[in-house]
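A.B. asks: Pasting a structure here, questions to come.
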Amino acid sequence: MDFRYLGNSGLKVSEISYGNWLTHGSQVENEQAKACVKAALDAGITTFDTADTYANTKAEAVLGEALEGVRRESVEILTKVYWPTGPAGPNDTGLSRKHIHESINASLTRLKTDYVDVYQAHRYDTETPLEETMEAFADVVRAGKALYIGVSEWTADQLREGHRLARDLRIPFVSNQPQYSMLWRVIEGEVVPASAELGIGQIVFSPIAQGVLTGKYLPGQPVPEGSRATDTSGGANFIKRFLTDDVLTRVQELKPIADEAGLSLAQLAVTWVLQNPNVSSAIIGASRPEQVTENVKAAGVKLEEAQLKQIDEVLGSIIERDPGKTAQNAPQTRPV
């Protein structure tokens with residue numbers, strides 16, 4: 001496993017990290033989830049990403065149990081705050097001072113730790129003053145409950161303003177967690193240049209496009225039973241944008257490139273995102289330990305310029321590059 005600095009900070013993270021969105025506490029039984037975490041540790045992964053909202057807090061609890069007994073200083077634990085938890089009351093969501101302070105305390109209890117390495121704003125809160133949010137994060141850092149602050153799916157302008165406030169408050173704002181893959185490149189035009197300027201690193205999710213880039217979804221064929229595309233708890237809605245015959249046909253055409261590189265299609269997809277110098281880590285998920293073992297083989301692989309050009313030529317017009325598709329460019333109203 002190779003390691004990279006998280007942005008311009010001194011914190012090193014494994015270039016492949018393990019995440020438990022849509023798996024722990026929902027799709028995967030606890031013992032299987034723990035086996036996946038063990039496989040990640042055995043493969044050299046030290047960075048683990050979760051969120052309080054995953055499986056409505058259950059994912060954090062499962063990860064906490066799975067990491068119990070592991071030397072705390074040897075791993076980096078990342079979690080998030082924003083989306084509803086509990087009964088979704090008026091203060092059970094968002095980035096208010098109240099919700100942030102209550103959420104970090106609850107997350108630490110579930111994760112069985114005194115601190116998280118990175119505490120992330122899961123989205124930008126348009127209904128809470130950013131000053132209030134950043135001041136609450138500063139309190140969390142100064143209380144020793146988080147070492148660094150990060151965000152997820154913020155626009156370039158939001159990153160700039162958040163970074164300015166963090167600098168004034170003298171707290172380390174070091175990461176952004178966006179969706180990024182060969183198919184979904186909306187961060188490249190604005191978010192990545194702004195992040196590189198500010199010293200913010202990307203911890204990207206869905207590098208395999210929710211499984212589409214594994215090649216298991218075939219054009220003109222029904223989706224496989226038990227796959228992410230059949231998961232009504234959230235996975236199916238997320239993946240459906242990629243399930244067109246044009247996309248699936250072109251993904252199959254990537255096989256010769258993967259073969260030339262000595263990689264599976266999934267490994268090629270993870271390797272591809274790691275070629276971006278602003279990417280500090282790529283998050284993989286798994287429902288079986290062997291998936292972890294296979295996907296970590298993408299670590300440390302360098303693709304040739306000719307191979308990167310071939311990938312672009314194969315995917316062509318299906319690549320989404322519009323920065324306006326960044327999640328936070330669309331106004332969001334939280335439940336009340």
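Chains: A, B, ... in order of the structure tokens. Residues: from 1 per chain. Ligands: from 1, in order shown.
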Skipping near chain neighbours, those fewer than 6 positions away, what residues fall within 8 Å of A:Gln32 using only C-alpha atoms, listed as a compact mmCIF listing (two decimals) with all heavy atoms, in the first residue's frame?
C.D. replies:
```
# COMPACT_ATOMS: atom_id res chain seq x y z
N SER A 287 -18.72 -5.90 -0.16
CA SER A 287 -19.65 -6.76 0.57
C SER A 287 -19.01 -8.11 0.85
O SER A 287 -19.56 -8.92 1.59
CB SER A 287 -20.93 -6.96 -0.25
OG SER A 287 -20.64 -7.46 -1.54
N ARG A 288 -17.82 -8.34 0.25
CA ARG A 288 -17.07 -9.58 0.49
C ARG A 288 -15.59 -9.25 0.64
O ARG A 288 -15.07 -8.39 -0.07
CB ARG A 288 -17.25 -10.57 -0.68
CG ARG A 288 -18.69 -10.93 -0.98
CD ARG A 288 -18.78 -12.04 -2.04
NE ARG A 288 -18.00 -11.72 -3.24
CZ ARG A 288 -18.44 -10.96 -4.24
NH1 ARG A 288 -19.65 -10.42 -4.17
NH2 ARG A 288 -17.69 -10.74 -5.30
N PRO A 289 -14.88 -9.94 1.51
CA PRO A 289 -13.45 -9.66 1.73
C PRO A 289 -12.62 -9.75 0.46
O PRO A 289 -11.68 -8.98 0.26
CB PRO A 289 -13.03 -10.71 2.76
CG PRO A 289 -14.28 -11.09 3.45
CD PRO A 289 -15.37 -10.98 2.44
```
A.B. asks: If you run DSSP on the backbone, which residues of stretch 120-310 of chain A are helix (DSSP H, G or I), as JSON, numbers by chain?
C.D. replies: {"A": [130, 131, 132, 133, 134, 135, 136, 137, 138, 139, 140, 141, 142, 156, 157, 158, 159, 160, 161, 162, 163, 164, 165, 166, 167, 168, 169, 191, 192, 193, 194, 195, 196, 197, 198, 209, 210, 211, 212, 213, 214, 228, 229, 230, 235, 236, 237, 238, 239, 240, 241, 242, 245, 246, 247, 248, 249, 250, 251, 252, 255, 256, 257, 258, 259, 260, 261, 265, 266, 267, 268, 269, 270, 271, 272, 273, 274, 289, 290, 291, 292, 293, 294, 295, 296, 297, 298, 305, 306, 307, 308, 309, 310]}
A.B. asks: Skipping near chain neighbours, those fewer than 3 positions away, what residues fall within 7 Å of A:Glu153 using only C-alpha atoms, listed as JSON, numbers by chain?
C.D. replies: {"A": [123, 176, 177, 178, 326, 327, 328]}
A.B. asks: What is the distance between atom CA of A:Val37 and atom CA of A:Leu67, in Å to one decimal?
C.D. replies: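 Computing it gives 7.7 Å between the two atoms.
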A.B. asks: Ranking A:Gly64, A:Gly150, A:Gly316, A:Pro84 by minimum distance to A:Lys112 and counting only C-alpha atoms, which one comes first?
C.D. replies: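 The answer is A:Gly64, which sits nearest to A:Lys112.
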A.B. asks: Write out, as a tab-separated table, each residue of stretch 155-191 of chain A that has an atom at most 9 Å from stretch 137-145 of chain A, together with the closest pair of atoms and their distance in Å to one decimal, counting only C-alpha atoms, rows going by chain and rising number.
C.D. replies:
```
residue	atom	partner	partner_atom	distance
A:Ala166	CA	A:Ala138	CA	7.8
A:Leu169	CA	A:Ala138	CA	6.8
A:Arg170	CA	A:Ala138	CA	8.0
A:Ile171	CA	A:Ala138	CA	6.1
A:Pro172	CA	A:Val141	CA	8.8
```
A.B. asks: Residues of the last selection are to be written out with C-alpha atoms, as an mmCIF file, in the first residue's frame.
C.D. replies:
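And here's part.cif as it stands now:
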```
data_model
loop_
_atom_site.group_PDB
_atom_site.id
_atom_site.type_symbol
_atom_site.label_atom_id
_atom_site.label_comp_id
_atom_site.auth_asym_id
_atom_site.auth_seq_id
_atom_site.Cartn_x
_atom_site.Cartn_y
_atom_site.Cartn_z
ATOM 1 C CA ALA A 166 -10.932 28.017 8.809
ATOM 2 C CA LEU A 169 -10.058 30.349 13.123
ATOM 3 C CA ARG A 170 -6.692 28.584 12.828
ATOM 4 C CA ILE A 171 -8.110 25.110 12.233
ATOM 5 C CA PRO A 172 -6.881 22.675 9.548
#
```
A.B. asks: Please report the interatomic distance between atom CA of A:Thr46 and atom CA of A:Ile284 in Å with one decimal.
C.D. replies: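 Between these atoms lies a distance of 12.5 Å.
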A.B. asks: Quick one: DSSP strand (DSSP E or B) residues in stretch 28-203 of chain A, as a PyMOL selection string?
C.D. replies: chain A and resi 28+47-49+76-81+116-121+146-151+173-176+179+184+201-203
